Every structure is written in C-alpha cells, then in structure tokens.
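Participant: Quick one: the structure is below, questions incoming.
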Amino acid sequence: MERISRLIHDPDYIRYCRNTARFEQNRIYCRHDMAHFLDVARIAYILNLEEGLGLPKERIYAAALVHDIGRWKQYQDGTPHEEAGVPLARPLLLSAGFPPEETEDILCVVAKHRKGGGTGLADILFRADKRSRACHACAAEDTCDWAAEKKNMEILY
C-alpha cells in the first residue's frame, strides 16, 4: 500500500487532519480523525470481501482516508465537507500516485459519501462510514441527534 503511505505522509494531508482536530478538540460526539478514517477503511474492506466485490484494497483505503478531509472547511465557512473535500483530495491522490481516472472515481465517492444509494465503492464506503460509529460505547449517546434506529448499538464489524 505504497500510495496510501505517500498519502498519509503528505504535508497537506497532515495539515488538513490537524485543522479538523483543532475544530473538534472539544467535540463530545464522534470525531473525524485517523481512527475514524481507518475504521471506515477496514469496515469497507470487510464488506468488499464478504460481498465479493473485488475492489482494490488501496482504492478502498484511499477513499476512506480522504472522505472527510474537507470537514475543517465545513467548520470554518459552512461548505459541506463532501463538497470541500473534492478539491482538497484531488492533488493529494494525484501526488500519492493515483492516476487521473482512479482519482476521479475516488473523488466521486467522496462527493457522494453522505447520500447513500450508490453502488460498488460508493455503497460500501457509505455503509462503513455509518457502521464505524461505536454508539453503544459513547458517553454522549443519550444527547446525540442521530435517530435511535441509526445508532450502532451492536458490534457488527
């Protein structure tokens, strides 16, 4: 996963993650940090294997690692993070060695990751993003605005 290593060590990637961390330092709900990104990646990879989709591991991890990269922009100026993330992620992915066509596929997933209803990588990333939340162990679960039926009260992955 050489390209993934280049991605996570990119100075801009690190800066964007730190920007989000600053905005979320006092957040009591789920954070959008490396732990979340890796949870999403690993769950998406499990779904890929279980469902026999045959998606490349590196593409799954790349999408998971950049899907919330625009979160700090949402905090800063209100731009929805899925929209803000696309122009931030494009140079990161290209610099990491993802070819333009693969980069554009990943960016489509980033842009759609909050809506659901997609197929392939978009679908498993959407589901993994939702299933990555450990609501059953969250100290703030009782004040979270997620509907009860959406909360993860059991460990599935």
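All residue names refer to the structure tokens as shown: chains lettered A, B, ... in order, residues numbered from 1 in each chain, ligands numbered from 1 in order.
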Once you count only C-alpha atoms, what closest atom pair and distance in Å to one decimal does each residue of region 7-103 of chain A within 10 Å of region 116-124 of chain A have, with rows by chain and rising residue number, as CSV?
Facilitator:
residue,atom,partner,partner_atom,distance
A:Val40,CA,A:Ile124,CA,9.2
A:Ala41,CA,A:Ile124,CA,9.5
A:Ile43,CA,A:Ile124,CA,8.3
A:Ala44,CA,A:Ile124,CA,5.3
A:Tyr45,CA,A:Ile124,CA,8.2
A:Ile46,CA,A:Ile124,CA,9.3
A:Leu47,CA,A:Ile124,CA,6.5
A:Asn48,CA,A:Ile124,CA,7.1
A:Glu51,CA,A:Ile124,CA,9.7
A:Leu53,CA,A:Gly120,CA,7.1
A:Gly54,CA,A:Gly120,CA,9.5
A:Leu55,CA,A:Leu121,CA,7.4
A:Pro56,CA,A:Leu121,CA,9.7
A:Arg59,CA,A:Leu121,CA,8.5
A:Ile60,CA,A:Leu121,CA,6.9
A:Ala63,CA,A:Leu121,CA,8.4
A:Ala64,CA,A:Leu121,CA,9.9
Participant: Residues within 12 Å of Glu24 (chain A), please, as a PyMOL selection string. Count only C-alpha atoms; anything in the same chain fewer than 5 positions from it doesn't count.
Facilitator: chain A and resi 17-19+29-33+71-72+74-76
Participant: Would you list the contacts of Pro11 (chain A) as a PyMOL selection string, taking every protein, DNA or RNA residue within 12 Å and counting only C-alpha atoms, but skipping same-chain residues closer than 3 positions in sequence?
Facilitator: chain A and resi 6-8+14-18+91-92+95-96
Participant: Put those residues in a file: C-alpha atoms, as an mmCIF file, in the first residue's frame.
Facilitator:
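Output below, filename again.cif:
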data_model
loop_
_atom_site.group_PDB
_atom_site.id
_atom_site.type_symbol
_atom_site.label_atom_id
_atom_site.label_comp_id
_atom_site.auth_asym_id
_atom_site.auth_seq_id
_atom_site.Cartn_x
_atom_site.Cartn_y
_atom_site.Cartn_z
ATOM 1 C CA ARG A 6 2.516 8.552 0.484
ATOM 2 C CA LEU A 7 -0.976 9.934 1.058
ATOM 3 C CA ILE A 8 -0.882 9.864 4.865
ATOM 4 C CA ILE A 14 -1.426 16.101 7.719
ATOM 5 C CA ARG A 15 -2.331 19.799 7.827
ATOM 6 C CA TYR A 16 -5.954 19.161 6.860
ATOM 7 C CA CYS A 17 -6.272 16.470 9.550
ATOM 8 C CA ARG A 18 -4.789 18.838 12.123
ATOM 9 C CA PRO A 91 -3.942 16.879 -5.555
ATOM 10 C CA LEU A 92 -3.324 14.570 -2.597
ATOM 11 C CA SER A 95 0.625 13.247 -5.695
ATOM 12 C CA ALA A 96 0.341 9.864 -3.960
#
Participant: CA of Gly97 (chain A) and CA of Glu50 (chain A) are how many Å apart?
Facilitator: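 It comes out at 27.8 Å.
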Participant: When you count only C-alpha atoms, which of these residues is closest to Arg27 (chain A): A:Glu83, A:Trp146, A:Ala139, A:Asn152?
Facilitator: A:Ala139
Participant: When you look at Met34 (chain A) with a cut-off of 9 Å (counting only C-alpha atoms), what residues show up, excluding the ones that are within fewer than 3 positions of it in the same chain? I need them as a CSV table (one decimal) with N, CA and C atoms, in the first residue's frame.
Facilitator:
chain,number,residue,atom,x,y,z
A,17,CYS,N,-5.8,17.3,8.4
A,17,CYS,CA,-6.3,16.5,9.6
A,17,CYS,C,-6.1,17.3,10.8
A,37,PHE,N,-11.1,7.3,10.1
A,37,PHE,CA,-10.8,7.0,8.7
A,37,PHE,C,-10.4,5.5,8.6
A,38,LEU,N,-9.6,5.0,9.5
A,38,LEU,CA,-9.2,3.7,9.5
A,38,LEU,C,-10.3,2.7,9.8
A,39,ASP,N,-11.2,3.1,10.7
A,39,ASP,CA,-12.4,2.2,11.0
A,39,ASP,C,-13.2,2.1,9.7
A,65,LEU,N,-9.7,7.3,3.6
A,65,LEU,CA,-8.7,8.3,4.2
A,65,LEU,C,-9.0,9.7,3.8
